[in-house]
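The structure under discussion appears below in the form of structure tokens.
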Amino acid sequence: ASSKLLLLCTLSLSGGGVVAYSEAQVDASKTSVQVNEKDCKKKRVVVLGTGWAGISFLKDLDVSAYDVQVVSPRNYFAFTPLLPSVTCGTVEARSIVEPVRNIIKKRNGEIQFWEAECMKIDAANKKLFCRYTVENNLVGNDDFSLEYDYLVIAVGAQVNTFNTPGVLENCFFLKEVEDAQKIRRSVIDCFEKAVLPGLSEEERRINLHFVIVGGGPTGVEFAAELHDFVQEDLINLYPSVKDLVKITVIQSGDHILNMFDERISSFAEQKFRRDGIEVQTGSRVISVSDKEITMKLKAKGEICSVPHGLVVWSTGVETRPFVKDFMGQIGQANRRVLATDEWLRVKGCEDVYALGDCATINQRKVMSKHLRDVTDLMKDSEGNYIDKVDIEGFKLALCQADSQVKNLPATAQVAAQQGAYLSKCFNRKYKWKDNPEGPRRFRGSGRHQFHPFQYKHLGQFAPLGGEQAAAELPGDWVSMGRSTQWLWYSVYASKQVSWRTRVLVVSDWTRRFIFGRDSSRI
Ligand code: FAD
């Protein structure tokens, strides 16, 4: 009886609605109903994830209109574009994270946060099953369930190993803050090991061979950071092995940074060549052991193995297993990524939205919308087809429509814009409910109440080391060199989520300019 009472108190204190699904389920669910009744005026929005999409949604949402609950295994937001800088100590890990509870506090604390992982979504009963993730010996149940009226899935994606043997066991990844910290320690380990007495030159050389698999923005940025770390700091501290360090980037395609403009891709390749970073294109890694990395050279069909000291795997992402399970429940089992419509509503499931890296906007509908826009160009102001079409304008519009229907990139920019868009829809949905006769913009019903989501591309950066960067800016503008690096510094400082992280990041950059990077293995 006392344990039931304790459970009841805990549930009431924690804001209600958390339903333990252990043996005490019957009593716990009664508690949940009572608490739900108390909050029944507000619809419950559960947000999964505190990354770019989730936090951007929470920052703009009218939290007084909903009972907002957030579930995420990380109690912080991480500014992922600076993760490569954490691997070499250019910025410290704590400088790029903002505690979720700081963000909640700024929203008058009207958001409940649960540090847990969603294990399963029960779409039919609008219920989530979650688990506290950190291993501990604390008292209490780690599992709980949570009901929702609206669910916002913003859980990002996980690294994709393409089932390549040995990758999970022998490679480092660069997806989370912990990954970056592990890489930082391991790079120092490689140097410390390489200078131990009794090693042959070949052994030292192997320990100092750093391999990066994947020539996308993350892999390239890490290679550039590592090169700067070695050249600016480590060779002064480990002079005896300074000529033995080698950095190799392995890329399956023909060029690195192939999602960028060709000019950027070749600028990056030339710069890497000058810096002595080997770029091995047209090679597919087929296995990784603790000593060697084996790959197939596409052109010759040959298989070769290279010994390594450290491998960083950065080849792309895939859907999380519990999202795959959810996709199976709602008839999307044959898809790779969770599909939504242009309003970010998950297809085949009521009241569930998905945004950021875990979702993709359904192509067919977007295509038809843009084709409609293009066809409109052929009509006059009264809607009649005109005889003489502006061919150039028509071609341009077709081109734009085509570029719009390409999959949106898995970037922070897309995720943040989607979060902001969805929060506006939620705010408007609430206002319309209370004020159906109000301003015209709140009327209407269903999805047509809102404009579909439209992505606005604001540009993309690729830092290349040595105080040089490349950028693809809106309007097909390409900028490369030192001035672009300064643009990168100012954009990334301004994009920080809080003044606290902004000050920390800028002071880390200043510290590095003055004192260099810290090479202690902490
Ligand atoms: P994330 O930001 O990954 O957030 C996912 C959230 O879900 C996290 O809080 C996670 O803890 C939580 N979560 C995970 N599993 C669960 C679960 N089971 N239950 C509940 N919550 C869960 N993009 C750019 O635009 N520019 C860049 O320069 C750039 N650089 C990058 C550098 C690196 C090293 C990396 C890894 C990515 C970079 N990106 C960049 C991509 C960008 O980080 C992602 O596109 C963006 O993070 C996607 O946002 P998201 O909210 O979908 O996912």
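Labels used: A, B, ... for chains in the order of the structure tokens, numbers from 1 for residues in each chain, and numbers from 1 for ligands as shown.
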
message = Any residue with an atom at most 6 Å from ligand 1 counts, using only C-alpha atoms and all ligand atoms. Which are they? Put them as number ranges by chain.
response = A: 48-54, 71-74, 80-81, 83-84, 117-119, 154-156, 174-175, 218, 356-358, 410-413, 415

For those residues, write N, CA and C atoms to a file as a tab-separated table (two decimals), in the first residue's frame.
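Printed below is out.tsv as written:
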chain	number	residue	atom	x	y	z
A	48	LEU	N	9.40	13.92	-29.09
A	48	LEU	CA	10.51	12.97	-28.92
A	48	LEU	C	11.77	13.58	-29.52
A	49	GLY	N	12.75	13.86	-28.67
A	49	GLY	CA	14.03	14.37	-29.18
A	49	GLY	C	14.27	15.82	-28.81
A	50	THR	N	15.52	16.10	-28.46
A	50	THR	CA	15.91	17.49	-28.12
A	50	THR	C	17.07	17.93	-29.02
A	51	GLY	N	16.98	17.56	-30.28
A	51	GLY	CA	17.99	18.00	-31.25
A	51	GLY	C	17.50	19.26	-31.95
A	52	TRP	N	17.98	19.47	-33.15
A	52	TRP	CA	17.65	20.69	-33.90
A	52	TRP	C	16.15	20.86	-34.12
A	53	ALA	N	15.49	19.77	-34.55
A	53	ALA	CA	14.07	19.88	-34.87
A	53	ALA	C	13.24	20.06	-33.60
A	54	GLY	N	13.52	19.22	-32.60
A	54	GLY	CA	12.73	19.24	-31.36
A	54	GLY	C	12.85	20.58	-30.64
A	71	VAL	N	10.48	13.93	-24.34
A	71	VAL	CA	11.25	12.72	-23.98
A	71	VAL	C	12.52	12.70	-24.81
A	72	SER	N	13.66	12.59	-24.15
A	72	SER	CA	14.92	12.47	-24.89
A	72	SER	C	15.97	11.84	-23.99
A	73	PRO	N	16.80	10.96	-24.53
A	73	PRO	CA	17.85	10.37	-23.68
A	73	PRO	C	18.96	11.37	-23.34
A	74	ARG	N	19.00	12.51	-24.03
A	74	ARG	CA	20.03	13.52	-23.72
A	74	ARG	C	19.34	14.72	-23.10
A	80	THR	N	25.57	20.46	-33.32
A	80	THR	CA	26.33	19.44	-34.07
A	80	THR	C	27.34	20.00	-35.09
A	81	PRO	N	27.08	21.15	-35.76
A	81	PRO	CA	28.09	21.60	-36.72
A	81	PRO	C	29.48	21.84	-36.10
A	83	LEU	N	30.77	19.78	-33.78
A	83	LEU	CA	31.31	18.51	-33.24
A	83	LEU	C	32.72	18.20	-33.76
A	84	PRO	N	32.99	18.40	-35.07
A	84	PRO	CA	34.37	18.12	-35.52
A	84	PRO	C	35.40	18.96	-34.76
A	117	GLU	N	14.41	7.23	-23.15
A	117	GLU	CA	14.41	6.90	-24.57
A	117	GLU	C	13.06	6.31	-24.92
A	118	CYS	N	12.47	6.70	-26.01
A	118	CYS	CA	11.22	6.06	-26.43
A	118	CYS	C	11.60	4.71	-27.04
A	119	MET	N	10.99	3.65	-26.52
A	119	MET	CA	11.32	2.31	-27.00
A	119	MET	C	10.31	1.82	-28.04
A	154	ALA	N	10.97	13.69	-33.46
A	154	ALA	CA	12.14	14.47	-33.93
A	154	ALA	C	13.39	13.80	-33.37
A	155	VAL	N	13.51	12.50	-33.65
A	155	VAL	CA	14.57	11.72	-33.01
A	155	VAL	C	15.83	11.58	-33.86
A	156	GLY	N	15.89	12.29	-34.98
A	156	GLY	CA	17.08	12.22	-35.81
A	156	GLY	C	17.28	10.81	-36.37
A	174	LEU	N	31.12	9.89	-35.53
A	174	LEU	CA	31.10	11.31	-35.16
A	174	LEU	C	29.66	11.80	-35.27
A	175	LYS	N	28.83	11.40	-34.28
A	175	LYS	CA	27.41	11.73	-34.35
A	175	LYS	C	26.98	12.45	-33.07
A	218	THR	N	31.03	16.00	-42.99
A	218	THR	CA	31.54	15.65	-41.66
A	218	THR	C	32.94	15.05	-41.75
A	356	GLY	N	12.87	16.72	-39.25
A	356	GLY	CA	14.32	16.53	-39.11
A	356	GLY	C	14.80	15.30	-39.85
A	357	ASP	N	15.93	14.77	-39.38
A	357	ASP	CA	16.58	13.66	-40.09
A	357	ASP	C	15.77	12.37	-40.11
A	358	CYS	N	14.78	12.24	-39.22
A	358	CYS	CA	14.05	10.96	-39.17
A	358	CYS	C	12.93	10.90	-40.21
A	410	ALA	N	19.66	16.08	-45.16
A	410	ALA	CA	19.56	15.83	-43.71
A	410	ALA	C	20.47	16.82	-43.01
A	411	THR	N	19.99	18.04	-42.85
A	411	THR	CA	20.82	19.07	-42.21
A	411	THR	C	20.08	19.74	-41.06
A	412	ALA	N	20.89	20.41	-40.24
A	412	ALA	CA	20.34	21.15	-39.11
A	412	ALA	C	19.40	22.25	-39.61
A	413	GLN	N	19.77	22.80	-40.76
A	413	GLN	CA	18.98	23.90	-41.31
A	413	GLN	C	17.55	23.46	-41.64
A	415	ALA	N	16.02	20.78	-40.37
A	415	ALA	CA	15.37	20.37	-39.12
A	415	ALA	C	14.86	21.60	-38.36

task = Identify, on the basis of only C-alpha atoms, every residue whose closest approach to Gln468 in chain A does not exceed 8 Å; exclude the query and any residue fewer than 4 positions from it along the same chain; express the result as a list in words.
result =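 Near neighbours after the sequence-gap exclusion: Pro463, Leu464, Met480, Gly481, Arg482, Ser483, Thr484 and Gln485 of chain A.
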
Residues as selected, N, CA and C atoms, written as a PDB file, in the first residue's frame, can you do that?
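Contents of the output file result.pdb:
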ATOM      1  N   PRO A 463      34.260  23.905 -43.752  1.00  0.00           N
ATOM      2  CA  PRO A 463      35.575  24.366 -43.288  1.00  0.00           C
ATOM      3  C   PRO A 463      36.648  23.385 -43.754  1.00  0.00           C
ATOM      4  N   LEU A 464      37.754  23.916 -44.283  1.00  0.00           N
ATOM      5  CA  LEU A 464      38.762  23.033 -44.888  1.00  0.00           C
ATOM      6  C   LEU A 464      40.107  23.093 -44.185  1.00  0.00           C
ATOM      7  N   MET A 480      35.142  30.949 -51.399  1.00  0.00           N
ATOM      8  CA  MET A 480      36.160  30.058 -50.845  1.00  0.00           C
ATOM      9  C   MET A 480      37.356  30.857 -50.334  1.00  0.00           C
ATOM     10  N   GLY A 481      38.006  30.354 -49.322  1.00  0.00           N
ATOM     11  CA  GLY A 481      39.231  30.997 -48.851  1.00  0.00           C
ATOM     12  C   GLY A 481      39.136  31.497 -47.427  1.00  0.00           C
ATOM     13  N   ARG A 482      40.051  32.420 -47.091  1.00  0.00           N
ATOM     14  CA  ARG A 482      40.139  32.895 -45.707  1.00  0.00           C
ATOM     15  C   ARG A 482      38.951  33.748 -45.296  1.00  0.00           C
ATOM     16  N   SER A 483      38.496  34.600 -46.232  1.00  0.00           N
ATOM     17  CA  SER A 483      37.375  35.471 -45.868  1.00  0.00           C
ATOM     18  C   SER A 483      36.137  34.611 -45.549  1.00  0.00           C
ATOM     19  N   THR A 484      35.999  33.486 -46.253  1.00  0.00           N
ATOM     20  CA  THR A 484      34.854  32.599 -46.004  1.00  0.00           C
ATOM     21  C   THR A 484      34.950  31.983 -44.604  1.00  0.00           C
ATOM     22  N   GLN A 485      36.203  31.732 -44.175  1.00  0.00           N
ATOM     23  CA  GLN A 485      36.374  31.187 -42.820  1.00  0.00           C
ATOM     24  C   GLN A 485      35.872  32.201 -41.777  1.00  0.00           C
TER      25      GLN A 485
END

query = Residues at most 12 Å from Val497 in chain A, counting only C-alpha atoms, excluding those fewer than 2 positions away in the same chain, as a ChimeraX atom specification?
reply = /A:51-52,55-56,59,76-80,95-100,102-103,416,492-495,499-505

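Note that CA of Val152 in chain A and CA of Val346 in chain A are 9.5 Å apart.
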
Report as CSV the residues of range 154-242 of chain A within 12 Å of range 309-325 of chain A, each with its shortest atom pair and distance in Å (one decimal), using only C-alpha atoms, ordered by chain and increasing residue number.
residue,atom,partner,partner_atom,distance
A:Ala154,CA,A:Val323,CA,10.4
A:Val155,CA,A:Arg320,CA,8.1
A:Gly156,CA,A:Thr319,CA,7.9
A:Ala157,CA,A:Thr319,CA,5.2
A:Gln158,CA,A:Val317,CA,5.3
A:Val159,CA,A:Val317,CA,4.4
A:Asn160,CA,A:Val317,CA,4.6
A:Thr161,CA,A:Thr315,CA,7.5
A:Phe162,CA,A:Thr315,CA,8.9
A:Asn163,CA,A:Glu318,CA,11.5
A:Thr164,CA,A:Trp313,CA,10.8
A:Gly166,CA,A:Val311,CA,11.2
A:Val167,CA,A:Trp313,CA,7.6
A:Leu168,CA,A:Trp313,CA,9.3
A:Glu169,CA,A:Val311,CA,10.9
A:Asn170,CA,A:Val311,CA,7.5
A:Cys171,CA,A:Val311,CA,5.1
A:Phe172,CA,A:Val312,CA,4.6
A:Phe173,CA,A:Trp313,CA,5.3
A:Leu174,CA,A:Ser314,CA,6.7
A:Lys175,CA,A:Ser314,CA,8.5
A:Asp179,CA,A:Val312,CA,9.9
A:Ala180,CA,A:Val312,CA,10.3
A:Lys182,CA,A:Val312,CA,10.9
A:Ile183,CA,A:Val312,CA,8.2
A:Arg184,CA,A:Leu310,CA,11.2
A:Arg185,CA,A:Leu310,CA,11.3
A:Ser186,CA,A:Leu310,CA,7.7
A:Val187,CA,A:Leu310,CA,7.6
A:Ile188,CA,A:Leu310,CA,10.9
A:Asp189,CA,A:Gly309,CA,9.6
A:Cys190,CA,A:Gly309,CA,6.6
A:Phe191,CA,A:Gly309,CA,9.6
A:Glu192,CA,A:Gly309,CA,11.8
A:Lys193,CA,A:Gly309,CA,9.9
A:Ala194,CA,A:Gly309,CA,9.6
A:Glu202,CA,A:Gly309,CA,11.7
A:Glu203,CA,A:Gly309,CA,9.5
A:Arg204,CA,A:Gly309,CA,9.2
A:Arg205,CA,A:Gly309,CA,8.5
A:Ile206,CA,A:Gly309,CA,5.6
A:Asn207,CA,A:Gly309,CA,4.1
A:Leu208,CA,A:Gly309,CA,5.6
A:His209,CA,A:Gly309,CA,5.1
A:Phe210,CA,A:Leu310,CA,5.1
A:Val211,CA,A:Val311,CA,4.7
A:Ile212,CA,A:Val312,CA,4.8
A:Val213,CA,A:Trp313,CA,4.9
A:Gly214,CA,A:Thr315,CA,4.7
A:Gly215,CA,A:Thr315,CA,7.7
A:Gly216,CA,A:Thr315,CA,7.4
A:Pro217,CA,A:Ser314,CA,9.2
A:Thr218,CA,A:Ser314,CA,6.8
A:Gly219,CA,A:Ser314,CA,5.7
A:Val220,CA,A:Ser314,CA,9.5
A:Glu221,CA,A:Ser314,CA,10.8
A:Phe222,CA,A:Val312,CA,9.0
A:Ala223,CA,A:Val312,CA,9.6
A:Leu226,CA,A:Val312,CA,11.4

Output C-alpha atoms for every residue in that selection, as an mmCIF file, in the first residue's frame.
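Done, and the output landed in result.cif:
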data_model
loop_
_atom_site.group_PDB
_atom_site.id
_atom_site.type_symbol
_atom_site.label_atom_id
_atom_site.label_comp_id
_atom_site.auth_asym_id
_atom_site.auth_seq_id
_atom_site.Cartn_x
_atom_site.Cartn_y
_atom_site.Cartn_z
ATOM 1 C CA ALA A 154 12.139 14.469 -33.925
ATOM 2 C CA VAL A 155 14.568 11.719 -33.008
ATOM 3 C CA GLY A 156 17.085 12.219 -35.814
ATOM 4 C CA ALA A 157 18.837 9.174 -37.217
ATOM 5 C CA GLN A 158 21.611 6.783 -36.253
ATOM 6 C CA VAL A 159 24.917 6.024 -37.962
ATOM 7 C CA ASN A 160 24.708 3.652 -40.863
ATOM 8 C CA THR A 161 27.397 0.977 -41.036
ATOM 9 C CA PHE A 162 25.827 -0.649 -44.131
ATOM 10 C CA ASN A 163 26.386 -3.933 -42.225
ATOM 11 C CA THR A 164 30.084 -3.720 -43.029
ATOM 12 C CA GLY A 166 33.986 -4.970 -38.051
ATOM 13 C CA VAL A 167 32.778 -1.356 -38.286
ATOM 14 C CA LEU A 168 30.806 -1.325 -35.037
ATOM 15 C CA GLU A 169 33.662 -2.920 -33.100
ATOM 16 C CA ASN A 170 36.663 -1.116 -34.595
ATOM 17 C CA CYS A 171 35.579 2.319 -35.813
ATOM 18 C CA PHE A 172 34.815 5.613 -34.168
ATOM 19 C CA PHE A 173 31.741 7.593 -35.172
ATOM 20 C CA LEU A 174 31.097 11.309 -35.157
ATOM 21 C CA LYS A 175 27.414 11.730 -34.348
ATOM 22 C CA ASP A 179 31.781 10.308 -29.931
ATOM 23 C CA ALA A 180 33.761 13.520 -30.391
ATOM 24 C CA LYS A 182 36.239 9.595 -27.523
ATOM 25 C CA ILE A 183 37.996 10.584 -30.757
ATOM 26 C CA ARG A 184 39.869 13.388 -28.982
ATOM 27 C CA ARG A 185 41.216 10.967 -26.374
ATOM 28 C CA SER A 186 42.101 8.336 -28.971
ATOM 29 C CA VAL A 187 44.051 10.743 -31.188
ATOM 30 C CA ILE A 188 46.243 11.607 -28.186
ATOM 31 C CA ASP A 189 46.537 7.873 -27.377
ATOM 32 C CA CYS A 190 47.856 7.226 -30.881
ATOM 33 C CA PHE A 191 50.587 9.845 -30.417
ATOM 34 C CA GLU A 192 51.534 8.679 -26.915
ATOM 35 C CA LYS A 193 51.734 5.071 -28.149
ATOM 36 C CA ALA A 194 53.799 6.078 -31.183
ATOM 37 C CA GLU A 202 56.800 0.944 -39.172
ATOM 38 C CA GLU A 203 54.814 0.407 -35.942
ATOM 39 C CA ARG A 204 54.981 4.118 -35.144
ATOM 40 C CA ARG A 205 53.823 4.906 -38.670
ATOM 41 C CA ILE A 206 50.833 2.551 -38.346
ATOM 42 C CA ASN A 207 49.782 4.078 -35.008
ATOM 43 C CA LEU A 208 49.812 7.490 -36.657
ATOM 44 C CA HIS A 209 47.750 6.527 -39.689
ATOM 45 C CA PHE A 210 44.340 8.169 -39.297
ATOM 46 C CA VAL A 211 41.687 6.956 -41.723
ATOM 47 C CA ILE A 212 38.383 8.687 -42.351
ATOM 48 C CA VAL A 213 35.754 6.714 -44.239
ATOM 49 C CA GLY A 214 33.348 9.049 -46.037
ATOM 50 C CA GLY A 215 34.165 12.198 -47.959
ATOM 51 C CA GLY A 216 31.004 14.104 -47.036
ATOM 52 C CA PRO A 217 31.014 17.367 -45.038
ATOM 53 C CA THR A 218 31.543 15.649 -41.661
ATOM 54 C CA GLY A 219 34.441 13.447 -42.822
ATOM 55 C CA VAL A 220 36.136 16.306 -44.659
ATOM 56 C CA GLU A 221 35.744 18.712 -41.764
ATOM 57 C CA PHE A 222 37.171 16.181 -39.329
ATOM 58 C CA ALA A 223 40.154 15.502 -41.641
ATOM 59 C CA LEU A 226 42.861 16.793 -37.425
#
